[in-house]
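> Here's a structure for you.
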There are 2 protein chains.
Amino acid sequence: MATMRDVALLAGVSTATVSHVVNGSKKLSPETTEKVLRAISQVNYLPNTVAKSLRMGQTHTIGVLVEDIRGLPVAAIVSGISETLAKSGYKTIFHDLHLLEKLYNQYEQIGTYRQRINDGISLLQSANVDGIIYVAMHDRHLDYLLDPMETPLVYAYSHGTENDTYVTYSNKDSAADMIRYLLRKNHKRIAVIAGHPHSYPTAQRLLGIQTALQQAGLPLPASYIRYGDWEYESGKKETLAILQLDPLPTAIFAMNDLMAAGCMAAIQEKGLSIPKDMAVAGFDNREIASCLQPPLTTIALPTPEIGSRAAVHIMDMIHNPQPHPCREIIRCSIIERASI
Amino acid sequence: MATMRDVALLAGVSTATVSHVVNGSKKLSPETTEKVLRAISQVNYLPNTVAKSLRMGQTHTIGVLVEDIRGLPVAAIVSGISETLAKSGYKTIFHDLHLLEKLYNQYEQIGTYRQRINDGISLLQSANVDGIIYVAMHDRHLDYLLDPMETPLVYAYSHGTENDTYVTYSNKDSAADMIRYLLRKNHKRIAVIAGHPHSYPTAQRLLGIQTALQQAGLPLPASYIRYGDWEYESGKKETLAILQLDPLPTAIFAMNDLMAAGCMAAIQEKGLSIPKDMAVAGFDNREIASCLQPPLTTIALPTPEIGSRAAVHIMDMIHNPQPHPCREIIRCSIIERASI
DNA sequence: ATAATTATTTTAATCGTTTAACTATGAGGG
DNA sequence: CCCTCATAGTTAAACGATTAAAATAATTAT
């Protein structure tokens with residue numbers, strides 16, 4: 001690879017001049033500029049980012065730490081992050097912790113998790129990233145690991161603590177929006193298939209559901225709330241339980257698309273028609289939603305925006321020495337299909 | 001951030017000594033080692049990778065260039081890549097070209113595509129990556145862009161040209177395997193819903209299908225081959241056409257899960273039962289496959305292996321100055337479910 | 001005791017940039 | 001003709017690590 005020296009030699013100037021041409025950091029005569037430019041393209045010179053970073057003390061690189069890129073919303077968030085960063089000339093260095101969601105819930109392993117997160121942060125730090133974006137599947141805070149003044153940190157998708165900057169989506173409002181949508185379609189008895197009972201999304205979405213129903217003056221009987229485990233089979237199972245109820249609800253709101261799919265299967269197995277006999281709503285807008293029969297009305301996570309906003313925040317924090325923590329909660333949108 | 005100098009000062013030795021302790025590059029007295037180690041943990045020293053890279057001329061970083069991380073197999077491949085690289089102490093720097101598959105097919109845009117790929121490569125090169133892994137959705141060769149001797153390049157998922165090293169999966173053999181599986185289940189009349197007629201996967205899979213049928217002495221009438229566009233709706237439409245045929249096939253092999261889902265919907269709408277009246281096979285093993293009713297028997301792409309093997313190859317090429325190009329074609333596996 | 005050998009640690013150059021400080025050149029003013 | 005000032009370009013010291021070669025200290029051999 002050609003260096004600045006090669007260019008300087010060929011153009012008959014000093015490396016300082018080449019540097020000034022490359023960065024426009026000083027006014028130079030048109031002839032010199034021309035000479036240097038010609039030499040640059042002649043030897044096919046590309047600036048050595050490593051040397052530049054060492055000298056400048058910043059790498060223009062953001063470390064993106066993901067718990068697992070295979071987690072579905074993660075890729076879309078990373079996509080949003082890297083697109084926005086690239087537009088501002090930042091590179092993305094990416095470290096995957098391979099922390100599968102399922103393993104995470106085994107509480108006894110928490111120690112090894114902290115270890116791996118710690119290692120990931122160290123890796124990024126020793127690569128001299130200018131900032132770190134942490135994409136977690138669950139709410140988590142790394143403040144025990146990282147002096148936030150040392151390397152700026154933004155959480156994307158999950159919540160941080162009060163003093164952190166994070167970008168997430170609105171569980172509560174989005175669920176409330178879906179309820180309001182169902183109400184507008186004249187549904188008054190709405191059953192809910194929730195996720196894991198103690199998880200944050202379950203609690204928040206439930207809150208939104210209750211708020212929206214309350215505002216409409218409608219009850220949410222306890223029997224209308226069933227808890228699944230986010231998987232297809234649990235959607236099926238809980239729906240079968242719901243179908244025993246009297247009075248039967250006219251709509252079921254499942255807290256993710258997988259359970260909604262199971263829900264629809266159960267309804268159809270019982271010979272009921274969707275949405276005529278029973279409406280179904282989902283959450284997540286996964287690929288499966290548009291392939292179900294009928295296509296599933298669901299809530300789309302604002303994943304590209306989450307990534308993009310996280311990128312904006314981290315760049316802000318890098319340029320602003322003393323920024324106040326910023327919480328940004330993005331509203332989801334309802335994807336109308338034929339299941340309601 | 002503490003530097004080697006800080007450690008050296010605190011321990012009362014030279015930076016060279018610190019370096020030797022850190023890297024074990026020279027035998028030192030136990031007392032000195034001890035002193036240095038203590039100083040390191042006292043000032044919380046992390047080696048500056050940027051400085052090390054500049055000095056050593058290699059970054060221990062692999063550039064992963066993906067056309068679009070949102071493409072479904074891509075995240076799993078990247079996951080495999082980064083996991084394997086991390087185990088050998090390599091970092092992954094990742095650049096997403098945001099080249100959506102659909103846009104790519106607009107041939108007139110090919111110029112801007114080359115431009116973006118070119119820019120992506122330059123970005124990675126000026127970050128001094130030790131090698132590049134290119135994860136493309138389609139067969140593509142970048143030899144017009146990159147002197148392969150300068151930066152080692154491995155293609156993952158898609159094919160390269162004859163002189164490239166690439167890791168991909170077997171379209172032909174996998175399709176043949178599925179046919180043989182159907183034959184073992186006593187299906188003799190098998191219809192096919194192919195993808196885009198001129199695409200490489202379509203051609204290769206068709207070849208495998210024909211080979212397997214021929215070996216079994218069975219015909220594949222032209223009327224049994226229908227071409228879709230990889231989307232759900234086309235699977236439905238082509239199945240309706242197939243259901244008009246006489247004699248009716250006993251199985252339909254769709255070349256991806258989306259079309260298989262459409263196929264199943266069409267079959268069930270006509271009041272036929274799966275797999276009793278008609279068996280259905282898919283390709284890709286997307287999330288949807290396990291959520292269909294009945295769950296879809298399909299072919300799983302060896303995505304983690306593709307990534308992992310690509311990582312191994314790139315590391316080989318970095319350490320081997322004059323490597324011969326290597327083509328690795330990984331066989332897929334059949335995921336048996338209830339649709340056959 | 002001294003030389004030779006070995007073990008341990010240091011010196012200083014280097015990687016490819018950036019940039020403050022400096023030099024050289026020329027223009028304009030008195 | 002000398003002085004000031006602006007302009008154009010150069011010099012050389014960083015940035016934080018590695019490492020050959022040199023220096024020093026500790027052992028062993030003679």
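Residues in the structure tokens are numbered from 1 in each chain, the chains being A, B, ... in the order shown, and ligands are numbered from 1 in the order shown.
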Do me a favour and pick out the residues of chain B within 8 Å of chain C, using only C-alpha atoms (C1' of nucleotides), as a PyMOL selection string.
chain B and resi 14+16-17+28-29+54-57
> Using only C-alpha atoms, determine which residues of chain A fall within 8 Å of chain B; present them as a PyMOL selection string.
chain A and resi 46-51+53-54+68-70+75-76+78-79+82-83+91-96+98+122+126-128+232+258+261-262+265+287-288+291+293
> Could you find all residues in stretch 101-337 of chain B that DSSP calls strand (DSSP E or B) from the backbone, and write them as a compact mmCIF listing (two decimals) with N, CA and C atoms, in the first residue's frame?

```txt
# COMPACT_ATOMS: atom_id res chain seq x y z
N GLY B 131 -8.04 -8.98 6.04
CA GLY B 131 -8.72 -9.74 5.01
C GLY B 131 -10.16 -9.31 4.93
N ILE B 132 -10.83 -9.70 3.84
CA ILE B 132 -12.22 -9.31 3.65
C ILE B 132 -13.07 -10.54 3.35
N ILE B 133 -14.20 -10.63 4.03
CA ILE B 133 -15.18 -11.66 3.68
C ILE B 133 -16.38 -10.95 3.09
N TYR B 134 -16.76 -11.38 1.92
CA TYR B 134 -17.87 -10.72 1.22
C TYR B 134 -19.08 -11.64 1.27
N VAL B 135 -20.14 -11.16 1.90
CA VAL B 135 -21.37 -11.96 2.00
C VAL B 135 -22.39 -11.38 1.05
N LEU B 153 -9.37 -12.25 0.09
CA LEU B 153 -10.82 -12.12 -0.04
C LEU B 153 -11.47 -13.49 -0.08
N VAL B 154 -12.50 -13.66 0.70
CA VAL B 154 -13.28 -14.90 0.67
C VAL B 154 -14.74 -14.55 0.46
N TYR B 155 -15.40 -15.27 -0.40
CA TYR B 155 -16.84 -15.10 -0.59
C TYR B 155 -17.57 -16.07 0.31
N ALA B 156 -18.58 -15.59 0.99
CA ALA B 156 -19.41 -16.49 1.78
C ALA B 156 -20.83 -16.43 1.27
N TYR B 157 -21.44 -17.58 1.14
CA TYR B 157 -22.82 -17.75 0.72
C TYR B 157 -22.98 -17.77 -0.80
N THR B 165 -11.65 -17.90 -3.62
CA THR B 165 -11.99 -18.81 -2.54
C THR B 165 -13.39 -18.48 -2.07
N TYR B 166 -14.24 -19.48 -2.05
CA TYR B 166 -15.57 -19.20 -1.56
C TYR B 166 -16.16 -20.38 -0.80
N VAL B 167 -17.13 -20.09 0.03
CA VAL B 167 -17.83 -21.10 0.81
C VAL B 167 -19.31 -20.92 0.53
N THR B 168 -19.93 -21.95 0.08
CA THR B 168 -21.35 -21.82 -0.22
C THR B 168 -22.05 -23.14 0.13
N TYR B 169 -23.31 -23.20 -0.16
CA TYR B 169 -24.04 -24.43 0.15
C TYR B 169 -24.40 -25.11 -1.16
N ILE B 190 -44.00 -35.86 -8.55
CA ILE B 190 -43.60 -34.70 -7.75
C ILE B 190 -43.57 -33.46 -8.62
N ALA B 191 -44.37 -32.47 -8.25
CA ALA B 191 -44.35 -31.19 -8.97
C ALA B 191 -43.39 -30.23 -8.26
N VAL B 192 -42.93 -29.26 -9.03
CA VAL B 192 -41.93 -28.33 -8.50
C VAL B 192 -42.39 -26.89 -8.70
N ILE B 193 -42.30 -26.10 -7.62
CA ILE B 193 -42.47 -24.65 -7.78
C ILE B 193 -41.10 -24.03 -7.66
N ALA B 194 -40.57 -23.62 -8.80
CA ALA B 194 -39.21 -23.08 -8.84
C ALA B 194 -39.24 -21.59 -8.54
N ILE B 225 -43.37 -28.48 -13.74
CA ILE B 225 -42.45 -27.43 -13.30
C ILE B 225 -43.10 -26.06 -13.49
N ARG B 226 -43.30 -25.34 -12.38
CA ARG B 226 -43.89 -23.99 -12.46
C ARG B 226 -42.87 -23.01 -11.87
N TYR B 227 -42.86 -21.81 -12.41
CA TYR B 227 -41.90 -20.82 -11.92
C TYR B 227 -42.61 -19.70 -11.14
N ALA B 251 -47.01 -34.85 -4.50
CA ALA B 251 -46.16 -33.98 -3.66
C ALA B 251 -45.76 -32.76 -4.46
N ILE B 252 -45.57 -31.65 -3.73
CA ILE B 252 -45.07 -30.43 -4.36
C ILE B 252 -43.83 -29.98 -3.60
N PHE B 253 -42.77 -29.72 -4.36
CA PHE B 253 -41.52 -29.25 -3.78
C PHE B 253 -41.35 -27.77 -4.17
N ALA B 254 -41.54 -26.90 -3.20
CA ALA B 254 -41.37 -25.47 -3.47
C ALA B 254 -39.94 -25.07 -3.12
N ALA B 279 -48.38 -33.89 -0.32
CA ALA B 279 -47.22 -33.56 0.53
C ALA B 279 -46.57 -32.28 0.02
N VAL B 280 -45.97 -31.53 0.94
CA VAL B 280 -45.32 -30.27 0.55
C VAL B 280 -43.92 -30.21 1.16
N ALA B 281 -42.96 -29.83 0.34
CA ALA B 281 -41.59 -29.64 0.84
C ALA B 281 -41.15 -28.21 0.56
N ASP B 284 -35.12 -23.66 2.89
CA ASP B 284 -34.58 -22.51 3.63
C ASP B 284 -34.68 -22.65 5.14
N THR B 297 -41.83 -29.65 6.32
CA THR B 297 -40.55 -30.33 6.11
C THR B 297 -39.76 -29.53 5.09
N THR B 298 -38.53 -29.20 5.42
CA THR B 298 -37.80 -28.28 4.56
C THR B 298 -36.30 -28.52 4.67
N ILE B 299 -35.54 -27.72 3.97
CA ILE B 299 -34.09 -27.89 3.92
C ILE B 299 -33.45 -26.74 4.68
N ALA B 300 -32.60 -27.06 5.63
CA ALA B 300 -31.94 -26.02 6.43
C ALA B 300 -30.61 -25.64 5.80
N ARG B 327 -12.64 -23.92 -2.99
CA ARG B 327 -14.10 -23.86 -3.07
C ARG B 327 -14.68 -24.88 -2.11
N GLU B 328 -15.49 -24.42 -1.21
CA GLU B 328 -16.08 -25.35 -0.25
C GLU B 328 -17.59 -25.26 -0.37
N ILE B 329 -18.18 -26.41 -0.65
CA ILE B 329 -19.63 -26.43 -0.86
C ILE B 329 -20.24 -27.31 0.21
N ILE B 330 -21.01 -26.72 1.08
CA ILE B 330 -21.51 -27.45 2.24
C ILE B 330 -22.92 -27.97 1.96
N SER B 333 -29.12 -29.87 5.27
CA SER B 333 -29.78 -31.01 5.91
C SER B 333 -31.29 -30.86 5.82
N ILE B 334 -31.95 -31.99 5.81
CA ILE B 334 -33.42 -31.96 5.74
C ILE B 334 -33.99 -31.91 7.16
N ILE B 335 -34.90 -30.98 7.37
CA ILE B 335 -35.57 -30.88 8.66
C ILE B 335 -36.93 -31.56 8.51
```
> Given a cut-off of 8 Å, which residues of chain D touch chain B, counting only C-alpha atoms (C1' of nucleotides), written out as JSON, numbers by chain?
{"D": [15, 16, 17, 18]}
> For a quick check of understanding, using only C-alpha atoms, which of A:Ile62, A:Met178, A:Ala11, A:Met255 has the smallest distance to A:Cys332?
A:Met178
